[in-house]
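For reference, protein10.cif (mmCIF, C-alpha atoms, pLDDT in the B column; chains and numbers go by the auth columns):
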data_query
#
loop_
_atom_site.group_PDB
_atom_site.id
_atom_site.type_symbol
_atom_site.label_atom_id
_atom_site.label_comp_id
_atom_site.label_asym_id
_atom_site.label_seq_id
_atom_site.Cartn_x
_atom_site.Cartn_y
_atom_site.Cartn_z
_atom_site.B_iso_or_equiv
_atom_site.auth_seq_id
_atom_site.auth_asym_id
ATOM 1 C CA MET A 1 -10.280 -24.027 8.522 85.00 1201 R
ATOM 2 C CA ALA A 2 -11.174 -21.468 11.178 95.00 1202 R
ATOM 3 C CA PHE A 3 -9.391 -19.130 13.545 98.00 1203 R
ATOM 4 C CA GLU A 4 -8.682 -20.019 17.163 98.00 1204 R
ATOM 5 C CA LYS A 5 -9.106 -17.028 19.449 97.00 1205 R
ATOM 6 C CA LYS A 6 -6.374 -16.418 22.048 97.00 1206 R
ATOM 7 C CA ARG A 7 -6.338 -13.826 24.806 97.00 1207 R
ATOM 8 C CA LEU A 8 -3.045 -12.259 25.881 96.00 1208 R
ATOM 9 C CA ARG A 9 -2.130 -9.439 28.229 96.00 1209 R
ATOM 10 C CA VAL A 10 0.377 -6.937 26.835 95.00 1210 R
ATOM 11 C CA ASN A 11 1.466 -4.189 29.226 92.00 1211 R
ATOM 12 C CA GLY A 12 -1.719 -4.673 31.226 94.00 1212 R
ATOM 13 C CA ILE A 13 -4.038 -4.584 28.188 96.00 1213 R
ATOM 14 C CA GLU A 14 -5.992 -7.708 27.199 97.00 1214 R
ATOM 15 C CA ILE A 15 -5.540 -8.390 23.506 97.00 1215 R
ATOM 16 C CA THR A 16 -7.263 -10.862 21.186 98.00 1216 R
ATOM 17 C CA VAL A 17 -5.087 -12.732 18.699 98.00 1217 R
ATOM 18 C CA LEU A 18 -6.669 -14.879 15.978 98.00 1218 R
ATOM 19 C CA VAL A 19 -4.510 -17.874 15.042 98.00 1219 R
ATOM 20 C CA ALA A 20 -4.853 -20.443 12.245 98.00 1220 R
ATOM 21 C CA GLY A 21 -2.611 -22.915 10.444 97.00 1221 R
ATOM 22 C CA THR A 22 0.910 -24.200 11.000 96.00 1222 R
ATOM 23 C CA GLY A 23 4.255 -23.418 9.425 95.00 1223 R
ATOM 24 C CA PRO A 24 6.284 -20.210 9.044 95.00 1224 R
ATOM 25 C CA ASP A 25 4.836 -17.299 10.993 97.00 1225 R
ATOM 26 C CA VAL A 26 2.864 -14.586 9.200 98.00 1226 R
ATOM 27 C CA LEU A 27 1.814 -11.675 11.421 98.00 1227 R
ATOM 28 C CA TYR A 28 -0.983 -9.600 9.875 98.00 1228 R
ATOM 29 C CA LEU A 29 -1.789 -6.061 11.056 98.00 1229 R
ATOM 30 C CA HIS A 30 -5.309 -4.965 10.161 98.00 1230 R
ATOM 31 C CA GLY A 31 -6.657 -1.615 9.073 96.00 1231 R
ATOM 32 C CA ALA A 32 -8.951 0.862 10.806 95.00 1232 R
ATOM 33 C CA GLY A 33 -11.939 -1.458 11.308 94.00 1233 R
ATOM 34 C CA THR A 34 -12.968 -5.045 11.991 95.00 1234 R
ATOM 35 C CA THR A 35 -16.545 -5.116 10.651 93.00 1235 R
ATOM 36 C CA THR A 36 -15.846 -7.546 7.796 94.00 1236 R
ATOM 37 C CA GLY A 37 -13.857 -9.955 9.971 95.00 1237 R
ATOM 38 C CA PHE A 38 -10.735 -11.788 8.828 97.00 1238 R
ATOM 39 C CA ASP A 39 -11.874 -15.083 7.304 97.00 1239 R
ATOM 40 C CA ALA A 40 -10.789 -13.772 3.894 97.00 1240 R
ATOM 41 C CA LEU A 41 -7.197 -14.212 5.091 98.00 1241 R
ATOM 42 C CA LEU A 42 -7.526 -17.933 5.823 98.00 1242 R
ATOM 43 C CA PRO A 43 -5.955 -19.092 2.522 97.00 1243 R
ATOM 44 C CA ILE A 44 -2.668 -17.827 3.977 97.00 1244 R
ATOM 45 C CA ALA A 45 -3.047 -20.324 6.831 97.00 1245 R
ATOM 46 C CA ARG A 46 -2.893 -23.275 4.446 92.00 1246 R
ATOM 47 C CA HIS A 47 0.864 -22.744 4.231 89.00 1247 R
ATOM 48 C CA ALA A 48 1.748 -20.773 7.386 96.00 1248 R
ATOM 49 C CA ARG A 49 0.818 -20.005 10.971 97.00 1249 R
ATOM 50 C CA LEU A 50 -1.282 -16.896 10.511 98.00 1250 R
ATOM 51 C CA LEU A 51 -1.576 -14.549 13.488 98.00 1251 R
ATOM 52 C CA VAL A 52 -4.034 -11.646 13.397 98.00 1252 R
ATOM 53 C CA PRO A 53 -3.907 -9.520 16.568 98.00 1253 R
ATOM 54 C CA LEU A 54 -6.687 -7.010 17.057 98.00 1254 R
ATOM 55 C CA HIS A 55 -5.298 -3.578 17.811 98.00 1255 R
ATOM 56 C CA PRO A 56 -6.063 -2.096 21.243 97.00 1256 R
ATOM 57 C CA GLY A 57 -9.468 -0.439 20.997 96.00 1257 R
ATOM 58 C CA PHE A 58 -10.645 -2.676 18.158 97.00 1258 R
ATOM 59 C CA GLY A 59 -12.931 -5.704 18.273 96.00 1259 R
ATOM 60 C CA SER A 60 -12.577 -7.665 21.508 96.00 1260 R
ATOM 61 C CA SER A 61 -9.199 -6.144 22.434 97.00 1261 R
ATOM 62 C CA GLN A 62 -9.296 -3.729 25.339 97.00 1262 R
ATOM 63 C CA ASP A 63 -8.894 0.014 24.897 95.00 1263 R
ATOM 64 C CA ASP A 64 -5.508 1.594 25.517 94.00 1264 R
ATOM 65 C CA PRO A 65 -5.794 5.411 25.448 87.00 1265 R
ATOM 66 C CA SER A 66 -2.003 5.665 25.868 90.00 1266 R
ATOM 67 C CA VAL A 67 -1.642 4.517 22.233 93.00 1267 R
ATOM 68 C CA GLU A 68 -1.644 7.934 20.578 90.00 1268 R
ATOM 69 C CA ASP A 69 0.323 7.414 17.375 91.00 1269 R
ATOM 70 C CA VAL A 70 1.597 4.700 15.069 91.00 1270 R
ATOM 71 C CA HIS A 71 4.887 4.488 16.949 92.00 1271 R
ATOM 72 C CA ASP A 72 3.099 3.683 20.227 95.00 1272 R
ATOM 73 C CA LEU A 73 1.311 0.881 18.385 95.00 1273 R
ATOM 74 C CA ARG A 74 4.565 -0.290 16.770 95.00 1274 R
ATOM 75 C CA ARG A 75 6.130 -0.691 20.232 96.00 1275 R
ATOM 76 C CA HIS A 76 3.018 -2.542 21.379 97.00 1276 R
ATOM 77 C CA TYR A 77 3.612 -5.051 18.580 97.00 1277 R
ATOM 78 C CA LEU A 78 7.278 -5.388 19.463 97.00 1278 R
ATOM 79 C CA ASP A 79 6.180 -6.455 22.957 97.00 1279 R
ATOM 80 C CA LEU A 80 3.520 -8.754 21.498 97.00 1280 R
ATOM 81 C CA ALA A 81 6.067 -10.393 19.172 97.00 1281 R
ATOM 82 C CA ASP A 82 8.338 -11.013 22.165 96.00 1282 R
ATOM 83 C CA GLN A 83 5.485 -12.546 24.121 95.00 1283 R
ATOM 84 C CA LEU A 84 4.541 -14.818 21.216 95.00 1284 R
ATOM 85 C CA GLY A 85 8.160 -15.838 20.641 95.00 1285 R
ATOM 86 C CA LEU A 86 8.222 -14.343 17.141 96.00 1286 R
ATOM 87 C CA THR A 87 11.896 -13.713 16.499 95.00 1287 R
ATOM 88 C CA ARG A 88 11.688 -13.608 12.692 96.00 1288 R
ATOM 89 C CA PHE A 89 8.518 -13.634 10.639 98.00 1289 R
ATOM 90 C CA VAL A 90 6.694 -12.429 7.555 98.00 1290 R
ATOM 91 C CA LEU A 91 4.948 -9.164 8.436 98.00 1291 R
ATOM 92 C CA ALA A 92 1.833 -8.129 6.509 98.00 1292 R
ATOM 93 C CA GLY A 93 -0.380 -5.101 6.878 98.00 1293 R
ATOM 94 C CA HIS A 94 -3.382 -3.562 5.157 98.00 1294 R
ATOM 95 C CA SER A 95 -4.206 0.152 4.948 98.00 1295 R
ATOM 96 C CA MET A 96 -3.440 1.631 8.396 97.00 1296 R
ATOM 97 C CA GLY A 97 -1.881 -1.729 9.230 98.00 1297 R
ATOM 98 C CA GLY A 98 0.364 -1.362 6.172 98.00 1298 R
ATOM 99 C CA TYR A 99 1.626 1.974 7.469 97.00 1299 R
ATOM 100 C CA LEU A 100 2.225 0.309 10.828 97.00 1300 R
ATOM 101 C CA ALA A 101 3.985 -2.682 9.223 98.00 1301 R
ATOM 102 C CA ALA A 102 6.286 -0.405 7.207 98.00 1302 R
ATOM 103 C CA SER A 103 7.180 1.544 10.357 97.00 1303 R
ATOM 104 C CA PHE A 104 7.889 -1.703 12.215 98.00 1304 R
ATOM 105 C CA ALA A 105 10.100 -2.984 9.374 98.00 1305 R
ATOM 106 C CA ILE A 106 12.081 0.282 9.318 98.00 1306 R
ATOM 107 C CA ASP A 107 12.876 0.112 13.036 97.00 1307 R
ATOM 108 C CA HIS A 108 13.122 -3.669 13.562 97.00 1308 R
ATOM 109 C CA PRO A 109 14.450 -5.179 10.308 97.00 1309 R
ATOM 110 C CA GLU A 110 16.102 -8.036 12.195 97.00 1310 R
ATOM 111 C CA ARG A 111 12.624 -9.374 13.058 97.00 1311 R
ATOM 112 C CA VAL A 112 11.059 -9.095 9.590 98.00 1312 R
ATOM 113 C CA ALA A 113 12.014 -11.799 7.090 97.00 1313 R
ATOM 114 C CA ALA A 114 9.721 -10.329 4.436 98.00 1314 R
ATOM 115 C CA LEU A 115 7.086 -7.607 4.211 98.00 1315 R
ATOM 116 C CA VAL A 116 3.636 -7.492 2.598 98.00 1316 R
ATOM 117 C CA LEU A 117 1.931 -4.115 2.182 98.00 1317 R
ATOM 118 C CA ALA A 118 -1.663 -4.102 0.937 98.00 1318 R
ATOM 119 C CA SER A 119 -2.976 -0.647 -0.027 98.00 1319 R
ATOM 120 C CA PRO A 120 -0.924 1.010 2.729 98.00 1320 R
ATOM 121 C CA ILE A 121 -1.560 4.562 3.829 98.00 1321 R
ATOM 122 C CA GLY A 122 1.189 6.705 5.341 96.00 1322 R
ATOM 123 C CA LEU A 123 3.070 8.032 2.314 96.00 1323 R
ATOM 124 C CA ARG A 124 2.478 11.706 1.494 96.00 1324 R
ATOM 125 C CA LEU A 125 2.073 12.069 -2.271 96.00 1325 R
ATOM 126 C CA PRO A 126 0.371 15.375 -3.162 95.00 1326 R
ATOM 127 C CA GLU A 127 -0.083 14.275 -6.772 96.00 1327 R
ATOM 128 C CA LEU A 128 -1.811 11.036 -5.633 97.00 1328 R
ATOM 129 C CA PRO A 129 -3.434 12.023 -2.342 96.00 1329 R
ATOM 130 C CA THR A 130 -4.900 9.550 0.111 97.00 1330 R
ATOM 131 C CA VAL A 131 -8.479 10.467 1.028 96.00 1331 R
ATOM 132 C CA ASP A 132 -8.903 11.472 4.676 94.00 1332 R
ATOM 133 C CA LEU A 133 -11.444 8.946 5.976 91.00 1333 R
ATOM 134 C CA PHE A 134 -12.489 11.284 8.789 90.00 1334 R
ATOM 135 C CA ALA A 135 -13.357 14.048 6.331 91.00 1335 R
ATOM 136 C CA LEU A 136 -15.846 11.882 4.422 92.00 1336 R
ATOM 137 C CA PRO A 137 -19.606 12.129 5.081 92.00 1337 R
ATOM 138 C CA PRO A 138 -20.763 8.899 6.781 87.00 1338 R
ATOM 139 C CA ASP A 139 -22.853 7.875 3.756 89.00 1339 R
ATOM 140 C CA LYS A 140 -19.770 8.049 1.504 93.00 1340 R
ATOM 141 C CA ILE A 141 -17.412 5.860 3.556 92.00 1341 R
ATOM 142 C CA VAL A 142 -18.457 2.437 2.268 91.00 1342 R
ATOM 143 C CA GLU A 143 -18.245 3.424 -1.400 93.00 1343 R
ATOM 144 C CA HIS A 144 -14.693 4.634 -0.823 94.00 1344 R
ATOM 145 C CA LEU A 145 -13.733 1.376 0.886 95.00 1345 R
ATOM 146 C CA THR A 146 -15.005 -1.236 -1.539 94.00 1346 R
ATOM 147 C CA GLN A 147 -16.420 -1.983 -4.953 86.00 1347 R
ATOM 148 C CA LYS A 148 -18.623 -4.630 -3.257 91.00 1348 R
ATOM 149 C CA PRO A 149 -20.649 -2.992 -0.465 90.00 1349 R
ATOM 150 C CA GLU A 150 -22.388 -6.322 0.176 91.00 1350 R
ATOM 151 C CA ILE A 151 -19.273 -7.592 1.973 90.00 1351 R
ATOM 152 C CA PHE A 152 -20.331 -5.488 4.956 86.00 1352 R
ATOM 153 C CA LEU A 153 -23.708 -7.242 5.252 82.00 1353 R
ATOM 154 C CA ALA A 154 -22.445 -10.359 7.058 80.00 1354 R
ATOM 155 C CA GLY A 155 -21.005 -8.271 9.894 83.00 1355 R
ATOM 156 C CA THR A 156 -23.770 -5.666 10.049 88.00 1356 R
ATOM 157 C CA PRO A 157 -27.057 -6.306 11.899 88.00 1357 R
ATOM 158 C CA ASP A 158 -30.318 -5.289 10.251 85.00 1358 R
ATOM 159 C CA PRO A 159 -31.713 -3.200 11.791 88.00 1359 R
ATOM 160 C CA LEU A 160 -28.631 -1.585 13.286 88.00 1360 R
ATOM 161 C CA THR A 161 -28.344 -2.117 17.030 93.00 1361 R
ATOM 162 C CA PRO A 162 -27.068 0.362 19.623 93.00 1362 R
ATOM 163 C CA GLU A 163 -24.323 -2.145 20.483 93.00 1363 R
ATOM 164 C CA PHE A 164 -23.107 -2.297 16.878 92.00 1364 R
ATOM 165 C CA LEU A 165 -23.134 1.493 16.523 92.00 1365 R
ATOM 166 C CA ALA A 166 -21.227 1.841 19.811 95.00 1366 R
ATOM 167 C CA ASP A 167 -18.597 -0.630 18.579 94.00 1367 R
ATOM 168 C CA GLN A 168 -18.232 1.292 15.321 92.00 1368 R
ATOM 169 C CA TYR A 169 -17.832 4.577 17.192 93.00 1369 R
ATOM 170 C CA ARG A 170 -15.240 2.992 19.507 95.00 1370 R
ATOM 171 C CA GLU A 171 -13.131 1.738 16.590 94.00 1371 R
ATOM 172 C CA MET A 172 -13.336 5.060 14.759 94.00 1372 R
ATOM 173 C CA THR A 173 -12.226 6.808 17.967 93.00 1373 R
ATOM 174 C CA SER A 174 -9.280 4.423 18.311 94.00 1374 R
ATOM 175 C CA ALA A 175 -8.302 5.020 14.676 94.00 1375 R
ATOM 176 C CA ALA A 176 -8.668 8.776 15.106 92.00 1376 R
ATOM 177 C CA ARG A 177 -6.080 8.758 17.893 90.00 1377 R
ATOM 178 C CA LEU A 178 -3.593 7.462 15.335 90.00 1378 R
ATOM 179 C CA LEU A 179 -4.661 9.296 12.175 92.00 1379 R
ATOM 180 C CA TRP A 180 -6.526 12.468 13.106 87.00 1380 R
ATOM 181 C CA ALA A 181 -3.643 14.670 11.917 85.00 1381 R
ATOM 182 C CA GLY A 182 -3.894 13.040 8.483 88.00 1382 R
ATOM 183 C CA PRO A 183 -3.500 9.713 6.649 93.00 1383 R
ATOM 184 C CA TYR A 184 0.234 10.125 6.108 92.00 1384 R
ATOM 185 C CA ASP A 185 3.523 10.649 7.924 93.00 1385 R
ATOM 186 C CA ARG A 186 5.679 13.504 6.639 92.00 1386 R
ATOM 187 C CA LYS A 187 8.852 11.656 7.710 94.00 1387 R
ATOM 188 C CA LEU A 188 8.007 8.175 6.428 96.00 1388 R
ATOM 189 C CA ASP A 189 9.396 8.791 2.933 96.00 1389 R
ATOM 190 C CA ARG A 190 12.780 9.664 4.438 96.00 1390 R
ATOM 191 C CA TRP A 191 13.202 6.252 6.056 96.00 1391 R
ATOM 192 C CA LEU A 192 11.669 3.784 3.583 97.00 1392 R
ATOM 193 C CA HIS A 193 15.149 3.079 2.168 95.00 1393 R
ATOM 194 C CA ARG A 194 15.822 1.087 5.353 96.00 1394 R
ATOM 195 C CA ILE A 195 13.328 -1.569 4.227 97.00 1395 R
ATOM 196 C CA ARG A 196 15.695 -3.955 2.451 97.00 1396 R
ATOM 197 C CA MET A 197 13.995 -7.307 3.038 98.00 1397 R
ATOM 198 C CA PRO A 198 11.889 -8.855 0.231 98.00 1398 R
ATOM 199 C CA ALA A 199 8.619 -6.962 -0.052 98.00 1399 R
ATOM 200 C CA LEU A 200 5.339 -7.474 -1.867 98.00 1400 R
ATOM 201 C CA VAL A 201 3.076 -4.487 -2.508 98.00 1401 R
ATOM 202 C CA LEU A 202 -0.565 -5.224 -3.395 98.00 1402 R
ATOM 203 C CA TRP A 203 -3.285 -2.820 -4.536 98.00 1403 R
ATOM 204 C CA GLY A 204 -6.812 -2.748 -5.854 98.00 1404 R
ATOM 205 C CA GLU A 205 -6.889 -0.928 -9.185 98.00 1405 R
ATOM 206 C CA ALA A 206 -10.262 0.656 -8.291 97.00 1406 R
ATOM 207 C CA ASP A 207 -9.218 1.828 -4.795 97.00 1407 R
ATOM 208 C CA ARG A 208 -11.002 5.122 -4.113 97.00 1408 R
ATOM 209 C CA LEU A 209 -9.401 5.709 -0.717 97.00 1409 R
ATOM 210 C CA VAL A 210 -5.722 5.278 -1.613 98.00 1410 R
ATOM 211 C CA PRO A 211 -5.099 5.673 -5.375 97.00 1411 R
ATOM 212 C CA SER A 212 -3.552 2.628 -7.013 98.00 1412 R
ATOM 213 C CA GLY A 213 -0.949 4.923 -8.589 98.00 1413 R
ATOM 214 C CA GLN A 214 0.709 4.972 -5.176 98.00 1414 R
ATOM 215 C CA CYS A 215 1.728 1.332 -5.670 98.00 1415 R
ATOM 216 C CA ALA A 216 4.559 2.214 -8.043 98.00 1416 R
ATOM 217 C CA GLU A 217 5.706 4.974 -5.691 98.00 1417 R
ATOM 218 C CA TRP A 218 6.059 2.518 -2.799 98.00 1418 R
ATOM 219 C CA VAL A 219 7.919 0.009 -4.963 98.00 1419 R
ATOM 220 C CA LYS A 220 10.279 2.740 -6.166 97.00 1420 R
ATOM 221 C CA ARG A 221 11.202 3.602 -2.578 97.00 1421 R
ATOM 222 C CA LEU A 222 11.796 0.031 -1.380 97.00 1422 R
ATOM 223 C CA ASP A 223 15.034 -1.773 -2.073 92.00 1423 R
ATOM 224 C CA ASN A 224 13.729 -5.240 -2.938 95.00 1424 R
ATOM 225 C CA ALA A 225 10.035 -5.023 -3.806 97.00 1425 R
ATOM 226 C CA GLU A 226 7.641 -6.565 -6.301 97.00 1426 R
ATOM 227 C CA SER A 227 4.025 -5.610 -6.812 98.00 1427 R
ATOM 228 C CA ARG A 228 0.662 -6.652 -8.152 98.00 1428 R
ATOM 229 C CA VAL A 229 -2.367 -4.492 -8.893 98.00 1429 R
ATOM 230 C CA PHE A 230 -5.698 -6.351 -9.037 98.00 1430 R
ATOM 231 C CA PRO A 231 -8.138 -5.081 -11.701 97.00 1431 R
ATOM 232 C CA GLY A 232 -11.574 -4.090 -10.434 96.00 1432 R
ATOM 233 C CA LEU A 233 -10.803 -4.370 -6.718 97.00 1433 R
ATOM 234 C CA GLY A 234 -11.214 -1.568 -4.209 97.00 1434 R
ATOM 235 C CA HIS A 235 -9.527 -0.729 -0.925 97.00 1435 R
ATOM 236 C CA LEU A 236 -10.771 -3.837 0.928 97.00 1436 R
ATOM 237 C CA LEU A 237 -9.061 -6.071 -1.589 97.00 1437 R
ATOM 238 C CA PHE A 238 -8.763 -9.159 0.649 98.00 1438 R
ATOM 239 C CA ASP A 239 -12.522 -9.163 1.231 97.00 1439 R
ATOM 240 C CA GLU A 240 -13.253 -8.586 -2.439 97.00 1440 R
ATOM 241 C CA SER A 241 -11.268 -11.488 -3.913 97.00 1441 R
ATOM 242 C CA PRO A 242 -9.671 -14.689 -2.508 97.00 1442 R
ATOM 243 C CA GLU A 243 -6.915 -14.251 -5.084 98.00 1443 R
ATOM 244 C CA VAL A 244 -5.287 -11.585 -2.899 98.00 1444 R
ATOM 245 C CA ALA A 245 -4.757 -13.863 0.116 98.00 1445 R
ATOM 246 C CA GLU A 246 -3.565 -16.606 -2.224 97.00 1446 R
ATOM 247 C CA GLU A 247 -0.957 -14.201 -3.628 98.00 1447 R
ATOM 248 C CA VAL A 248 0.269 -13.524 -0.077 98.00 1448 R
ATOM 249 C CA ALA A 249 0.367 -17.272 0.651 96.00 1449 R
ATOM 250 C CA ARG A 250 2.550 -17.892 -2.404 96.00 1450 R
ATOM 251 C CA PHE A 251 4.900 -15.058 -1.491 97.00 1451 R
ATOM 252 C CA ALA A 252 5.187 -16.156 2.142 96.00 1452 R
ATOM 253 C CA ALA A 253 5.933 -19.739 1.086 94.00 1453 R
ATOM 254 C CA ARG A 254 8.601 -18.581 -1.360 94.00 1454 R
ATOM 255 C CA VAL A 255 10.445 -16.262 1.025 94.00 1455 R
ATOM 256 C CA SER A 256 10.231 -18.808 3.879 89.00 1456 R
ATOM 257 C CA SER A 257 11.624 -21.749 1.889 78.00 1457 R
#

Spit out the file's structure as structure tokens when you get a sec.
Amino acid sequence: MAFEKKRLRVNGIEITVLVAGTGPDVLYLHGAGTTTGFDALLPIARHARLLVPLHPGFGSSQDDPSVEDVHDLRRHYLDLADQLGLTRFVLAGHSMGGYLAASFAIDHPERVAALVLASPIGLRLPELPTVDLFALPPDKIVEHLTQKPEIFLAGTPDPLTPEFLADQYREMTSAARLLWAGPYDRKLDRWLHRIRMPALVLWGEADRLVPSGQCAEWVKRLDNAESRVFPGLGHLLFDESPEVAEEVARFAARVSS
């Protein structure tokens, strides 16, 4: 199985959407980079129609400097869902995409049949702080993202090319527009009680970017959530083990039946 690449125009911005599989719709919102690709998600497409849009300013989607915070991006995805005819779907998000998915579910619960949050950022927990990615030295970023640095090799040219470095800088700039003030939202905690649909919270036990102790804090704040923490996995848990996507596939099949 492989993704089909679709090009759509949303509010004048050309967006790439990766699509695979048939069945109930699962919309996946990615994190702050696309270097490792999204083939690790394909087990989900064995039981669902998996849609992976690339955020504006990431991958082959056009830049949109007007997207300045998570709520701008949330509204972008409301328009995209309308254009794709997604009236009710399973919404999944990883890291920055998890923060975005939670915000979408708070404001548009009628669209979200169930929610999957994988190592989401966005919650301010001083006792379990999320590491600010933009404060890390460049040579420390990969070790904070994954326990398996080799997963970056397939998407990284050797030697590094100017084109690759420019793409990396572009994606970091796009992420910085959303997260420069910090990897959390001071008001998010206040509104998480509005997420009442079934939710699944996933975490890598060895996550160095967002401590796995945050998993229980998210579950505690959601009305109808279950969780699983994967031993030995880091922040890029989908890339590190196929078991994570399989867990999402089982959950999506159960809540869609």

At a cut-off of 6 Å, can you tabulate as a tab-separated table every residue of range 1334-1416 of chain R near range 1291-1314 of chain R together with its closest atom pair and the distance in Å to one decimal, using only C-alpha atoms and ordering rows by chain then number?
residue	atom	partner	partner_atom	distance
R:Arg1394	CA	R:Ile1306	CA	5.5
R:Ile1395	CA	R:Ile1306	CA	5.6
R:Met1397	CA	R:Ala1314	CA	5.4
R:Pro1398	CA	R:Ala1314	CA	5.0
R:Ala1399	CA	R:Ala1314	CA	5.7

Between CA of His1271 in chain R and CA of Asp1385 in chain R, distance in Å (one decimal):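 Going from CA of His1271 in chain R over to CA of Asp1385 in chain R covers 11.0 Å.
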
Residues matched by the PyMOL selection byres ((chain R and resi 1331-1343) around 8) as an MDAnalysis selection string: chainID R and resid 1329:1330 1344:1347 1349 1376 1380 1382:1383 1408:1410

When you count only C-alpha atoms, which of these residues is closest to Leu1280 in chain R: R:Pro1411, R:Gly1212, R:Gly1231, R:Pro1320?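 Closest residue, counting only C-alpha atoms: R:Gly1212.
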
May I ask which of the residues R:Pro1442, R:Asp1389, R:Ala1245, R:Leu1378 is the closest one to Arg1274 in chain R, counting only C-alpha atoms?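 Closest to Arg1274 in chain R, using only C-alpha atoms: R:Leu1378.
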
Please evaluate the PyMOL selection byres ((chain R and resi 1269) around 8) against the structure above and give the resulting residues as a list in words. Val1267, Glu1268, Val1270, His1271, Asp1272, Leu1273, Arg1377, Leu1378 and Leu1379 of chain R

Filtering to C-alpha atoms, could you give me those residues as a PDB file, keeping the file's coordinate frame?
ATOM      1  CA  VAL R1267      -1.642   4.517  22.233  1.00 93.00           C
ATOM      2  CA  GLU R1268      -1.644   7.934  20.578  1.00 90.00           C
ATOM      3  CA  VAL R1270       1.597   4.700  15.069  1.00 91.00           C
ATOM      4  CA  HIS R1271       4.887   4.488  16.949  1.00 92.00           C
ATOM      5  CA  ASP R1272       3.099   3.683  20.227  1.00 95.00           C
ATOM      6  CA  LEU R1273       1.311   0.881  18.385  1.00 95.00           C
ATOM      7  CA  ARG R1377      -6.080   8.758  17.893  1.00 90.00           C
ATOM      8  CA  LEU R1378      -3.593   7.462  15.335  1.00 90.00           C
ATOM      9  CA  LEU R1379      -4.661   9.296  12.175  1.00 92.00           C
TER      10      LEU R1379
END

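Shortest separation to Pro1243 in chain R among R:Leu1227, R:Ala1381, R:Ala1220, R:Leu1402 occurs at residue R:Ala1220, atoms counted being all atoms listed in the file.
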
Would you write out, as a PDB file with C-alpha atoms, keeping the file's coordinate frame, every residue that the PyMOL selection byres ((chain R and resi 1429) around 6) captures in this file?
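Generated file (selection.pdb):
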ATOM      1  CA  LEU R1402      -0.565  -5.224  -3.395  1.00 98.00           C
ATOM      2  CA  TRP R1403      -3.285  -2.820  -4.536  1.00 98.00           C
ATOM      3  CA  GLY R1404      -6.812  -2.748  -5.854  1.00 98.00           C
ATOM      4  CA  GLU R1405      -6.889  -0.928  -9.185  1.00 98.00           C
ATOM      5  CA  ARG R1428       0.662  -6.652  -8.152  1.00 98.00           C
ATOM      6  CA  PHE R1430      -5.698  -6.351  -9.037  1.00 98.00           C
TER       7      PHE R1430
END

Within 10 Å of file point (-15.1, 4.5, 11.5), counting only C-alpha atoms, expressed as a ChimeraX atom specification: /R:1232-1235,1333-1334,1338,1341,1365,1367-1376

The selected residues should be written to file as an mmCIF file, in the coordinates of the input (atoms: C-alpha atoms).
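The file below, selection_28.cif, is the result:
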data_model
loop_
_atom_site.group_PDB
_atom_site.id
_atom_site.type_symbol
_atom_site.label_atom_id
_atom_site.label_comp_id
_atom_site.auth_asym_id
_atom_site.auth_seq_id
_atom_site.Cartn_x
_atom_site.Cartn_y
_atom_site.Cartn_z
ATOM 1 C CA ALA R 1232 -8.951 0.862 10.806
ATOM 2 C CA GLY R 1233 -11.939 -1.458 11.308
ATOM 3 C CA THR R 1234 -12.968 -5.045 11.991
ATOM 4 C CA THR R 1235 -16.545 -5.116 10.651
ATOM 5 C CA LEU R 1333 -11.444 8.946 5.976
ATOM 6 C CA PHE R 1334 -12.489 11.284 8.789
ATOM 7 C CA PRO R 1338 -20.763 8.899 6.781
ATOM 8 C CA ILE R 1341 -17.412 5.860 3.556
ATOM 9 C CA LEU R 1365 -23.134 1.493 16.523
ATOM 10 C CA ASP R 1367 -18.597 -0.630 18.579
ATOM 11 C CA GLN R 1368 -18.232 1.292 15.321
ATOM 12 C CA TYR R 1369 -17.832 4.577 17.192
ATOM 13 C CA ARG R 1370 -15.240 2.992 19.507
ATOM 14 C CA GLU R 1371 -13.131 1.738 16.590
ATOM 15 C CA MET R 1372 -13.336 5.060 14.759
ATOM 16 C CA THR R 1373 -12.226 6.808 17.967
ATOM 17 C CA SER R 1374 -9.280 4.423 18.311
ATOM 18 C CA ALA R 1375 -8.302 5.020 14.676
ATOM 19 C CA ALA R 1376 -8.668 8.776 15.106
#

What does the structure give for the distance between CA of Arg1288 in chain R and CA of Ser1456 in chain R, in Å to one decimal? 10.3 Å

What is the distance, in Å and to one decimal place, between CA of Val1401 in chain R and CA of His1230 in chain R?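 Interatomic distance, CA of Val1401 in chain R to CA of His1230 in chain R: 15.2 Å.
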
When you look at Leu1208 in chain R with a cut-off of 9 Å (counting all atoms listed in the file), what residues show up, excluding the ones that are within fewer than 4 positions of it in the same chain? I need them as a list in words.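 Those residues are Ile1213, Glu1214, Ile1215, Thr1216, Val1217, Leu1280 and Gln1283 of chain R.
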
Store the residues picked out above in a file with C-alpha atoms, as a PDB file, in the frame of the given file.
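As a result, part36.pdb now contains:
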ATOM      1  CA  ILE R1213      -4.038  -4.584  28.188  1.00 96.00           C
ATOM      2  CA  GLU R1214      -5.992  -7.708  27.199  1.00 97.00           C
ATOM      3  CA  ILE R1215      -5.540  -8.390  23.506  1.00 97.00           C
ATOM      4  CA  THR R1216      -7.263 -10.862  21.186  1.00 98.00           C
ATOM      5  CA  VAL R1217      -5.087 -12.732  18.699  1.00 98.00           C
ATOM      6  CA  LEU R1280       3.520  -8.754  21.498  1.00 97.00           C
ATOM      7  CA  GLN R1283       5.485 -12.546  24.121  1.00 95.00           C
TER       8      GLN R1283
END

For each of R:Arg1324, R:Asp1225, R:Phe1258, R:Phe1238, take the minimum atom-to-atom distance to Gly1285 in chain R, counting all atoms listed in the file, then give the residue where this is smallest.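 Ranking R:Arg1324, R:Asp1225, R:Phe1258, R:Phe1238 by distance to Gly1285 in chain R, first place goes to R:Asp1225.
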
Can you pull out every residue within 9 Å of Glu1417 in chain R, counting all atoms listed in the file, but drop anything in the same chain fewer than 5 positions away, and send it as a short mmCIF file (atom, residue, chain, number, x, y, z; two decimals) with C-alpha atoms, in the frame of the given file?
data_model
loop_
_atom_site.label_atom_id
_atom_site.label_comp_id
_atom_site.auth_asym_id
_atom_site.auth_seq_id
_atom_site.Cartn_x
_atom_site.Cartn_y
_atom_site.Cartn_z
CA LEU R 1323 3.07 8.03 2.31
CA LEU R 1325 2.07 12.07 -2.27
CA LEU R 1422 11.80 0.03 -1.38
#
